[in-house]
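Next comes run.txt, with compact mmCIF, C-alpha atoms.
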# COMPACT_ATOMS: atom_id res chain seq x y z
CA MET A 27 -18.11 10.00 9.38
CA THR A 28 -15.06 7.77 9.90
CA LEU A 29 -14.49 4.23 8.82
CA GLU A 30 -14.44 3.13 12.44
CA THR A 31 -17.83 4.64 13.32
CA LYS A 32 -19.57 2.78 10.51
CA LYS A 33 -20.51 -0.76 11.47
CA SER A 34 -18.51 -3.20 9.36
CA THR A 35 -20.74 -5.90 7.91
CA VAL A 36 -17.70 -7.46 6.28
CA ALA A 37 -15.80 -7.68 9.56
CA GLU A 38 -18.73 -9.41 11.23
CA LYS A 39 -18.92 -11.94 8.41
CA MET A 40 -15.18 -12.56 8.52
CA LEU A 41 -15.21 -13.07 12.29
CA ALA A 42 -18.01 -15.63 11.89
CA LEU A 43 -16.08 -17.46 9.15
CA LYS A 44 -12.92 -17.44 11.24
CA ALA A 45 -14.77 -18.83 14.25
CA ALA A 46 -15.95 -21.77 12.14
CA GLY A 47 -12.41 -22.82 11.21
CA PRO A 48 -9.63 -21.97 8.75
CA VAL A 49 -10.81 -19.49 6.12
CA ARG A 50 -10.10 -20.04 2.44
CA ALA A 51 -10.05 -17.49 -0.36
CA LEU A 52 -12.88 -17.68 -2.89
CA THR A 53 -12.11 -19.61 -6.07
CA LYS A 54 -12.76 -18.26 -9.57
CA THR A 55 -15.94 -20.34 -9.79
CA GLN A 56 -17.16 -18.99 -6.47
CA LEU A 57 -16.40 -15.43 -7.56
CA ASP A 58 -18.37 -16.01 -10.77
CA SER A 59 -21.37 -17.02 -8.71
CA ARG A 60 -21.08 -14.14 -6.21
CA LEU A 61 -20.59 -11.47 -8.89
CA ARG A 62 -23.02 -12.55 -11.62
CA ASP A 63 -25.60 -9.88 -10.71
CA ILE A 64 -23.12 -6.99 -10.47
CA SER A 65 -22.37 -4.77 -13.47
CA LEU A 66 -20.29 -1.60 -13.67
CA THR A 67 -21.03 1.50 -15.74
CA THR A 68 -17.33 2.24 -16.22
CA LEU A 69 -14.56 -0.32 -16.53
CA TYR A 70 -11.60 2.05 -16.19
CA ALA A 71 -10.41 3.18 -12.77
CA ASP A 72 -7.49 4.61 -10.86
CA ALA A 73 -6.49 2.96 -7.59
CA VAL A 74 -4.88 4.24 -4.41
CA PHE A 75 -3.64 1.78 -1.79
CA GLU A 76 -3.09 2.53 1.88
CA GLY A 77 -0.04 1.44 3.82
CA GLY A 78 -0.25 -1.37 6.34
CA GLY A 79 2.76 -3.66 6.19
CA VAL A 80 2.01 -7.32 5.58
CA LYS A 81 -1.70 -6.63 5.95
CA GLY A 82 -1.51 -5.21 2.43
CA LEU A 83 -1.86 -8.77 1.15
CA ALA A 84 -5.61 -8.25 1.63
CA PHE A 85 -5.55 -5.78 -1.26
CA VAL A 86 -4.89 -8.66 -3.65
CA GLY A 87 -8.25 -10.22 -2.79
CA ALA A 88 -10.03 -6.92 -3.40
CA ILE A 89 -8.21 -6.41 -6.70
CA GLN A 90 -9.27 -9.91 -7.80
CA VAL A 91 -12.91 -8.95 -7.42
CA ALA A 92 -12.48 -5.67 -9.32
CA GLU A 93 -10.65 -7.38 -12.17
CA HIS A 94 -13.24 -10.16 -12.22
CA LEU A 95 -15.82 -7.44 -12.91
CA GLY A 96 -13.71 -6.19 -15.80
CA VAL A 97 -11.99 -3.20 -14.21
CA GLN A 98 -8.86 -2.04 -16.04
CA TRP A 99 -6.38 0.07 -14.08
CA LYS A 100 -5.23 3.40 -15.51
CA SER A 101 -3.10 5.07 -12.81
CA VAL A 102 -2.13 3.58 -9.46
CA ALA A 103 -0.60 4.96 -6.28
CA GLY A 104 0.21 3.82 -2.79
CA THR A 105 2.03 4.23 0.47
CA SER A 106 4.30 1.61 2.08
CA ALA A 107 2.66 -1.80 1.50
CA GLY A 108 0.21 0.02 -0.75
CA ALA A 109 3.21 1.21 -2.78
CA ILE A 110 4.27 -2.40 -3.30
CA THR A 111 0.82 -3.28 -4.63
CA ALA A 112 0.76 -0.18 -6.83
CA CYS A 113 4.19 -0.93 -8.31
CA LEU A 114 3.25 -4.46 -9.31
CA LEU A 115 -0.13 -3.45 -10.71
CA GLY A 116 1.45 -0.59 -12.61
CA ALA A 117 4.00 -2.97 -14.11
CA GLY A 118 1.22 -5.14 -15.48
CA TYR A 119 0.71 -7.89 -12.91
CA ALA A 120 -2.82 -9.23 -12.66
CA ALA A 121 -4.38 -10.08 -9.31
CA ASP A 122 -4.15 -13.84 -9.88
CA GLU A 123 -0.41 -13.51 -10.56
CA LEU A 124 0.00 -11.52 -7.36
CA GLU A 125 -1.87 -14.16 -5.37
CA ARG A 126 0.39 -16.95 -6.61
CA THR A 127 3.53 -14.89 -5.90
CA LEU A 128 2.60 -13.62 -2.45
CA MET A 129 1.12 -16.88 -1.20
CA ASP A 130 4.51 -18.52 -1.80
CA LEU A 131 6.56 -15.59 -0.51
CA ASP A 132 8.27 -15.84 2.88
CA PHE A 133 7.96 -12.29 4.21
CA ASN A 134 10.62 -13.06 6.81
CA GLU A 135 13.19 -12.78 4.02
CA PHE A 136 12.55 -9.04 3.92
CA MET A 137 14.14 -8.81 7.37
CA ASP A 138 17.71 -8.86 6.09
CA GLU A 139 20.33 -8.29 8.77
CA GLY A 140 23.71 -6.62 8.39
CA LEU A 141 26.85 -7.48 10.39
CA LEU A 142 25.91 -5.09 13.17
CA ASP A 143 22.48 -6.68 13.57
CA ARG A 144 24.04 -10.10 14.25
CA ILE A 145 25.91 -9.06 17.39
CA PRO A 146 24.33 -11.06 20.25
CA LEU A 147 21.99 -9.20 22.60
CA ILE A 148 22.85 -5.64 21.52
CA GLY A 149 22.95 -6.03 17.73
CA LYS A 150 19.47 -4.77 16.89
CA ILE A 151 19.70 -1.88 19.34
CA ALA A 152 23.11 -0.89 17.97
CA SER A 153 21.84 -1.12 14.40
CA ALA A 154 18.89 1.10 15.23
CA ILE A 155 21.16 3.68 16.86
CA PHE A 156 23.99 3.78 14.31
CA GLU A 157 22.16 2.80 11.11
CA LYS A 158 18.72 4.22 12.04
CA GLY A 159 17.04 0.88 11.39
CA ILE A 160 17.25 -2.78 12.37
CA TYR A 161 17.00 -4.30 8.88
CA GLU A 162 18.81 -3.30 5.71
CA GLY A 163 15.93 -3.30 3.20
CA ASP A 164 18.28 -4.45 0.43
CA TYR A 165 16.61 -7.83 -0.03
CA PHE A 166 13.25 -6.17 -0.59
CA GLU A 167 14.68 -3.78 -3.17
CA ARG A 168 16.29 -6.64 -5.10
CA TRP A 169 13.04 -8.63 -4.91
CA MET A 170 11.01 -5.72 -6.24
CA ALA A 171 13.51 -5.08 -9.05
CA ARG A 172 13.30 -8.75 -10.00
CA MET A 173 9.50 -8.72 -9.97
CA LEU A 174 9.38 -5.60 -12.14
CA GLY A 175 12.00 -7.07 -14.44
CA GLU A 176 9.70 -10.00 -15.18
CA LYS A 177 7.45 -7.42 -16.88
CA ASN A 178 10.40 -5.59 -18.47
CA ILE A 179 9.84 -2.56 -16.23
CA ALA A 180 12.57 -0.78 -14.26
CA THR A 181 12.10 3.01 -14.21
CA PHE A 182 9.26 5.52 -13.94
CA GLY A 183 9.89 6.72 -17.48
CA GLN A 184 8.44 3.43 -18.71
CA LEU A 185 5.14 4.19 -16.97
CA LYS A 186 4.09 7.44 -18.60
CA GLU A 187 1.18 8.30 -20.82
CA ASN A 188 0.10 11.21 -22.95
CA ASP A 189 -3.05 12.79 -21.53
CA GLY A 190 -3.93 14.41 -24.88
CA ASN A 191 -2.67 17.86 -23.92
CA ALA A 192 0.98 17.37 -24.88
CA ARG A 193 1.78 16.72 -21.23
CA ARG A 194 3.25 13.48 -19.99
CA ASN A 195 1.88 11.96 -16.79
CA TYR A 196 3.25 9.19 -14.62
CA ARG A 197 0.82 6.32 -14.17
CA LEU A 198 2.50 5.30 -10.92
CA LYS A 199 2.96 7.50 -7.86
CA LEU A 200 4.37 6.51 -4.47
CA ILE A 201 4.37 8.38 -1.17
CA ALA A 202 7.45 8.69 1.03
CA SER A 203 8.39 10.87 4.00
CA ASP A 204 11.48 13.12 4.15
CA VAL A 205 11.97 13.17 7.91
CA THR A 206 14.95 15.52 7.66
CA ARG A 207 12.94 18.22 5.88
CA LYS A 208 9.67 17.13 7.52
CA GLN A 209 7.89 16.91 4.18
CA MET A 210 5.86 14.42 2.21
CA VAL A 211 7.46 13.34 -1.08
CA VAL A 212 5.38 12.21 -4.05
CA VAL A 213 7.62 10.00 -6.18
CA PRO A 214 8.50 10.48 -8.99
CA ASP A 215 7.05 14.01 -9.20
CA GLY A 216 9.12 15.40 -6.34
CA LEU A 217 12.46 13.84 -7.29
CA HIS A 218 13.70 16.96 -9.07
CA GLU A 219 14.13 18.55 -5.63
CA TYR A 220 16.81 15.94 -4.95
CA GLY A 221 18.58 16.45 -8.25
CA ARG A 222 17.21 13.18 -9.67
CA ASP A 223 15.74 12.55 -13.10
CA PRO A 224 12.21 11.18 -12.50
CA ASP A 225 12.18 9.27 -15.81
CA GLY A 226 15.35 7.35 -14.99
CA PHE A 227 14.70 6.72 -11.30
CA PRO A 228 14.38 3.01 -10.37
CA ILE A 229 10.87 2.07 -9.25
CA ALA A 230 12.28 -0.56 -6.89
CA ARG A 231 14.28 2.16 -5.11
CA ALA A 232 11.19 4.31 -4.75
CA ALA A 233 9.25 1.36 -3.32
CA ARG A 234 12.10 0.84 -0.86
CA MET A 235 11.75 4.48 0.20
CA SER A 236 8.00 4.25 0.68
CA MET A 237 8.05 1.01 2.71
CA SER A 238 10.92 1.88 5.07
CA ILE A 239 9.04 1.58 8.35
CA PRO A 240 10.94 3.79 10.84
CA TYR A 241 13.26 1.89 13.19
CA PHE A 242 12.37 -1.38 11.45
CA PHE A 243 14.16 -0.62 8.14
CA GLU A 244 17.09 1.68 7.51
CA PRO A 245 16.07 4.94 5.80
CA VAL A 246 17.06 5.72 2.23
CA VAL A 247 19.64 8.54 2.28
CA MET A 248 19.52 11.09 -0.54
CA ASP A 249 21.28 14.35 -1.40
CA TYR A 250 19.29 17.56 -1.23
CA ALA A 251 20.50 20.89 -2.60
CA VAL A 252 19.48 23.55 -0.07
CA PRO A 253 17.86 26.41 -2.04
CA GLY A 254 19.83 29.66 -1.98
CA GLU A 255 22.67 28.28 0.13
CA GLY A 256 24.84 26.60 -2.51
CA ARG A 257 25.32 23.49 -0.42
CA THR A 258 24.07 19.91 -0.41
CA THR A 259 22.90 18.04 2.65
CA LYS A 260 21.91 14.45 3.36
CA VAL A 261 18.25 13.66 4.08
CA ASN A 262 16.56 10.50 5.36
CA ILE A 263 13.57 9.12 3.44
CA VAL A 264 11.24 6.68 5.24
CA ASP A 265 7.75 5.18 5.15
CA GLY A 266 5.21 7.47 3.51
CA GLY A 267 2.65 6.46 6.12
CA LEU A 268 4.16 8.95 8.55
CA LEU A 269 2.65 11.82 6.57
CA SER A 270 0.04 10.45 4.17
CA ASN A 271 -0.99 6.85 4.58
CA PHE A 272 -4.02 7.08 2.31
CA PRO A 273 -3.49 9.65 -0.51
CA VAL A 274 -6.80 8.93 -2.22
CA TRP A 275 -6.81 12.49 -3.61
CA LEU A 276 -3.78 11.98 -5.88
CA PHE A 277 -5.66 11.44 -9.14
CA ASP A 278 -8.68 13.66 -8.52
CA ALA A 279 -9.80 15.86 -11.41
CA ALA A 280 -9.29 19.61 -11.14
CA SER A 281 -12.06 21.56 -9.44
CA GLY A 282 -15.08 21.90 -11.71
CA GLN A 283 -14.01 19.07 -14.00
CA ALA A 284 -15.73 15.71 -14.21
CA PRO A 285 -13.42 12.72 -13.78
CA ARG A 286 -13.30 10.37 -16.74
CA TRP A 287 -13.36 7.36 -14.42
CA PRO A 288 -13.42 6.77 -10.66
CA THR A 289 -10.57 6.54 -8.22
CA PHE A 290 -11.06 3.60 -5.88
CA GLY A 291 -9.40 3.76 -2.49
CA PHE A 292 -8.25 0.52 -0.86
CA LYS A 293 -8.04 0.95 2.91
CA LEU A 294 -7.32 -1.32 5.87
CA ILE A 295 -9.62 -0.76 8.81
CA GLU A 296 -10.28 -1.80 12.40
CA PRO A 297 -6.78 -1.51 13.85
CA ASP A 298 -8.30 -1.98 17.31
CA SER A 299 -8.53 -5.68 16.51
CA ASP A 300 -4.73 -5.81 16.57
CA VAL A 301 -3.30 -7.26 19.78
CA VAL A 302 0.25 -6.10 20.46
CA ASP A 303 2.47 -8.54 22.33
CA GLN A 304 4.13 -7.42 25.53
CA ALA A 305 7.56 -5.97 24.73
CA LYS A 306 10.47 -7.76 26.41
CA TRP A 307 13.40 -5.89 24.89
CA PRO A 308 13.89 -2.15 24.25
CA HIS A 309 13.77 -2.59 20.47
CA GLU A 310 10.47 -4.49 20.79
CA TYR A 311 9.01 -1.64 22.81
CA VAL A 312 10.09 0.92 20.22
CA MET A 313 8.63 -1.23 17.44
CA ALA A 314 5.31 -1.32 19.32
CA LEU A 315 5.37 2.48 19.40
CA VAL A 316 6.12 2.66 15.68
CA ASN A 317 3.29 0.22 14.87
CA THR A 318 0.89 2.29 16.95
CA MET A 319 1.97 5.47 15.16
CA LEU A 320 1.53 4.01 11.67
CA GLU A 321 -1.75 2.26 12.40
CA ALA A 322 -3.20 5.40 13.99
CA HIS A 323 -3.66 6.70 10.45
CA ASP A 324 -6.48 4.21 10.05
CA LYS A 325 -8.48 6.26 12.54
CA ALA A 326 -8.00 9.54 10.72
CA TYR A 327 -11.09 11.33 9.48
CA ILE A 328 -12.20 10.54 5.95
CA SER A 329 -14.86 12.63 4.27
CA GLN A 330 -18.15 10.99 3.37
CA ALA A 331 -17.32 11.34 -0.34
CA ASN A 332 -13.96 9.62 0.05
CA PHE A 333 -15.47 6.94 2.23
CA GLU A 334 -18.03 6.08 -0.42
CA ARG A 335 -15.31 5.38 -3.01
CA THR A 336 -13.23 3.36 -0.56
CA ILE A 337 -13.07 -0.42 -0.32
CA ALA A 338 -12.60 -0.89 3.43
CA VAL A 339 -10.88 -4.19 4.24
CA PRO A 340 -10.87 -5.52 7.83
CA THR A 341 -7.40 -6.40 9.09
CA MET A 342 -8.54 -9.44 11.08
CA GLY A 343 -6.00 -9.05 13.87
CA ILE A 344 -2.91 -9.14 11.64
CA HIS A 345 -0.09 -6.77 12.67
CA THR A 346 1.70 -4.38 10.33
CA THR A 347 5.07 -6.09 10.93
CA GLN A 348 3.82 -9.67 11.35
CA PHE A 349 6.25 -11.04 8.77
CA ASP A 350 5.80 -14.65 9.87
CA LEU A 351 2.38 -15.04 8.24
CA THR A 352 1.09 -18.59 7.98
CA LYS A 353 -0.79 -19.86 4.96
CA ASP A 354 -4.01 -19.59 6.97
CA ASP A 355 -3.19 -15.95 7.80
CA LYS A 356 -2.66 -15.20 4.11
CA ASN A 357 -5.92 -16.88 3.12
CA LEU A 358 -7.73 -14.93 5.82
CA LEU A 359 -6.42 -11.63 4.44
CA LEU A 360 -7.21 -12.58 0.84
CA ARG A 361 -10.77 -13.55 1.75
CA ALA A 362 -11.24 -10.34 3.74
CA GLY A 363 -10.22 -8.37 0.67
CA GLN A 364 -12.56 -10.35 -1.56
CA GLU A 365 -15.53 -9.96 0.77
CA ALA A 366 -14.89 -6.23 1.23
CA ALA A 367 -14.76 -5.64 -2.53
CA ILE A 368 -17.90 -7.67 -3.19
CA HIS A 369 -19.72 -5.67 -0.51
CA PHE A 370 -18.47 -2.41 -2.07
CA PHE A 371 -19.37 -3.15 -5.68
CA GLU A 372 -22.86 -4.36 -4.78
CA THR A 373 -23.86 -0.72 -4.25
CA TRP A 374 -21.25 1.32 -6.16
CA ASP A 375 -22.53 3.73 -8.81
CA PHE A 376 -20.04 6.13 -10.41
CA GLU A 377 -22.57 8.55 -11.88
CA ARG A 378 -24.56 8.80 -8.66
CA HIS A 379 -21.38 9.33 -6.66
CA ASN A 380 -20.38 12.28 -8.86
CA ILE A 381 -23.81 13.88 -8.64
CA ASP A 382 -24.09 13.45 -4.88
CA HIS A 383 -20.61 14.76 -4.12
CA ASP A 384 -19.97 17.52 -6.60
CA ARG A 385 -17.95 15.41 -9.00
CA ILE A 386 -15.08 14.35 -6.80
Please, can you express the file's structure as structure tokens?
Amino acid sequence: MTLETKKSTVAEKMLALKAAGPVRALTKTQLDSRLRDISLTTLYADAVFEGGGVKGLAFVGAIQVAEHLGVQWKSVAGTSAGAITACLLGAGYAADELERTLMDLDFNEFMDEGLLDRIPLIGKIASAIFEKGIYEGDYFERWMARMLGEKNIATFGQLKENDGNARRNYRLKLIASDVTRKQMVVVPDGLHEYGRDPDGFPIARAARMSMSIPYFFEPVVMDYAVPGEGRTTKVNIVDGGLLSNFPVWLFDAASGQAPRWPTFGFKLIEPDSDVVDQAKWPHEYVMALVNTMLEAHDKAYISQANFERTIAVPTMGIHTTQFDLTKDDKNLLLRAGQEAAIHFFETWDFERHNIDHDRI
């Protein structure tokens, strides 16, 4: 079964709300009323967030519902926009803080141009050719570092815990793609292959790696020591969505072991509702191709077991790179996340899920 073959009750409700006028996110009082009959058997959980550009704002609405029910996050992971959400949650931000921050954020500021980009007519094409991306990505990295700094967090070494077996685990994991080596990179675990100390690696830099949508943002360039050859080469790291847009398996217990708490997947669905504008310039055409490539992951097969632990949030026609979101757009995404999470938790049962699916 795939997410797309299952009829989305949430999407139908959201479309009806949208047809009636501007949609508003549920208030705390409204959430209290909607959630009063829902109780959870476990209040700890891991979370894995899918990539999806600006559509990832919908995750905040879903997180609000989970936290309203008392869920406390243990380990978090994500790809691209999901990596941004995971970083902020891992640093200690609560959903209500994220809502206030992102509702006021102008996503257009992430599209920071260099000197080459500003050349009339050919700037963006030239930047894509010579710098491998239209926008620098530096503003985003500074913004993320500033956000993390508000919680006194900067490096992965600050987000480790002892699992009781004298082994230290990172509570935050991000997915990136090494397009030079054609391999997925789990950060910080895989950083030793690039001669980097995982403990001291900046989380903001890792988020920059994971969210570098090809062609849209310049890749992050890193050194890689080629095994057995005694030489170092440069590799390009880009958006993790190229290779694993929804790594819901990251925190699964070893085979035969019962998980101590569930892993909830947060996934954006129904990409067919996206309407791509007609491309007028070559760079717009290439961006349309890139969007199609990234959003195609939403149609990938997901096992029944993984589907049942996934909060599936309808995208409501918002594009991955639609950085000029209006306040109404943001409210629409937040409400979609809230409604999707409410729908999910109305039937979720951790113990039953483990019994039915061999303790995933």
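With distances taken from (14.1, 19.7, -6.1) and restricted to only C-alpha atoms, the residues inside 9 Å are A:Gly216, A:Leu217, A:His218, A:Glu219, A:Tyr220, A:Gly221, A:Arg222, A:Tyr250, A:Ala251, A:Val252, A:Pro253.
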What residues have an atom no more than 7 Å from (-15.3, -9.2, 6.2) in the file's own frame, counting all atoms listed in the file, and can you write them as a JSON list (two decimals) with C-alpha atoms, in the frame of the given file?
[["chain", "number", "residue", "atom", "x", "y", "z"],
["A", 35, "THR", "CA", -20.74, -5.90, 7.91],
["A", 36, "VAL", "CA", -17.70, -7.46, 6.28],
["A", 37, "ALA", "CA", -15.80, -7.68, 9.56],
["A", 38, "GLU", "CA", -18.73, -9.41, 11.23],
["A", 39, "LYS", "CA", -18.92, -11.94, 8.41],
["A", 40, "MET", "CA", -15.18, -12.56, 8.52],
["A", 339, "VAL", "CA", -10.88, -4.19, 4.24],
["A", 340, "PRO", "CA", -10.87, -5.52, 7.83],
["A", 362, "ALA", "CA", -11.24, -10.34, 3.74],
["A", 365, "GLU", "CA", -15.53, -9.96, 0.77],
["A", 366, "ALA", "CA", -14.89, -6.23, 1.23]]
Using only C-alpha atoms, which of A:Ser236, A:Asn262, A:Thr336, A:Asn357 sits nearest A:Thr373?
->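 Checking each of A:Ser236, A:Asn262, A:Thr336, A:Asn357 against A:Thr373, counting only C-alpha atoms, the winner is A:Thr336.
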Within 8 Å of A:Phe376, counting all atoms listed in the file, which residues show up once you throw out same-chain ones fewer than 4 positions away? Write them as JSON, numbers by chain, please.
-> {"A": [67, 68, 287, 288, 380]}
Residue among A:Thr181, A:Thr341, A:Ser106, A:Thr111 lying closest to A:Gly267, counting all atoms listed in the file | A:Ser106
Show which residues sit within 8 Å of A:Ala233, as a list of chain:residue names. Count all atoms listed in the file, and ignore same-chain residues fewer than 5 positions away.
-> A:Ser106, A:Ala109, A:Ile110, A:Cys113, A:Glu167, A:Met170, A:Leu200
Mind checking which residues fall within 12 Å of A:Glu176, counting only C-alpha atoms, ignoring those fewer than 6 positions away in the same chain, and posting them as a list in words?
->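 Neighbouring residues, sequence-local ones excluded: Leu114, Ala117, Gly118, Tyr119, Glu123, Trp169 and Met170 of chain A.
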Near A:Phe277, within 10 Å and counting only C-alpha atoms, which residues show up once chain neighbours fewer than 3 positions away are dropped, as an mmCIF file with C-alpha atoms, keeping the file's coordinate frame?
data_model
loop_
_atom_site.group_PDB
_atom_site.id
_atom_site.type_symbol
_atom_site.label_atom_id
_atom_site.label_comp_id
_atom_site.auth_asym_id
_atom_site.auth_seq_id
_atom_site.Cartn_x
_atom_site.Cartn_y
_atom_site.Cartn_z
ATOM 1 C CA ASP A 72 -7.490 4.610 -10.860
ATOM 2 C CA ALA A 73 -6.490 2.960 -7.590
ATOM 3 C CA VAL A 74 -4.880 4.240 -4.410
ATOM 4 C CA SER A 101 -3.100 5.070 -12.810
ATOM 5 C CA VAL A 102 -2.130 3.580 -9.460
ATOM 6 C CA ALA A 103 -0.600 4.960 -6.280
ATOM 7 C CA ARG A 197 0.820 6.320 -14.170
ATOM 8 C CA LYS A 199 2.960 7.500 -7.860
ATOM 9 C CA PRO A 273 -3.490 9.650 -0.510
ATOM 10 C CA VAL A 274 -6.800 8.930 -2.220
ATOM 11 C CA ALA A 280 -9.290 19.610 -11.140
ATOM 12 C CA PRO A 285 -13.420 12.720 -13.780
ATOM 13 C CA PRO A 288 -13.420 6.770 -10.660
ATOM 14 C CA THR A 289 -10.570 6.540 -8.220
#
Pairwise distance for atom CA of A:Leu43 and atom CA of A:Lys356, rounded to one decimal in Å = 14.5 Å
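In this comparison, which uses only C-alpha atoms, the residue of A:Val97, A:Val261, A:Ala107, A:Val211 approaching A:Gly79 most closely is A:Ala107.
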Using all atoms listed in the file, pick whichever of A:Asp122, A:Asp355, A:Asp223, A:Glu372 has the shortest atom-to-atom distance to A:Val80.
-> A:Asp355
In terms of the shortest atom-to-atom distance over all atoms listed in the file, which of A:Ala120, A:Ile160, A:Leu52, A:Leu198 is closest to A:Lys100?
->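 Of the candidates, the smallest distance to A:Lys100 is held by A:Leu198.
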May I have the residues within 12 Å of A:Ser59 as JSON, numbers by chain, using only C-alpha atoms and disregarding those fewer than 3 positions away in the same chain?
-> {"A": [52, 53, 54, 55, 56, 62, 63, 64, 91, 94, 95, 368]}
A:Gly108, A:Gly363, A:Pro48, A:Gly266: which is nearest A:Lys208, counting all atoms listed in the file?
->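 Under the stated criterion, the closest residue is A:Gly266.
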Find the distance between atom CA of A:Trp99 and atom CA of A:Leu269 and write it in Å to one decimal.
->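 Computing it gives 25.4 Å between the two atoms.
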Could you tell me how far atom CA of A:Leu124 lies from atom CA of A:Val86, in Å and to one decimal?
-> 6.8 Å
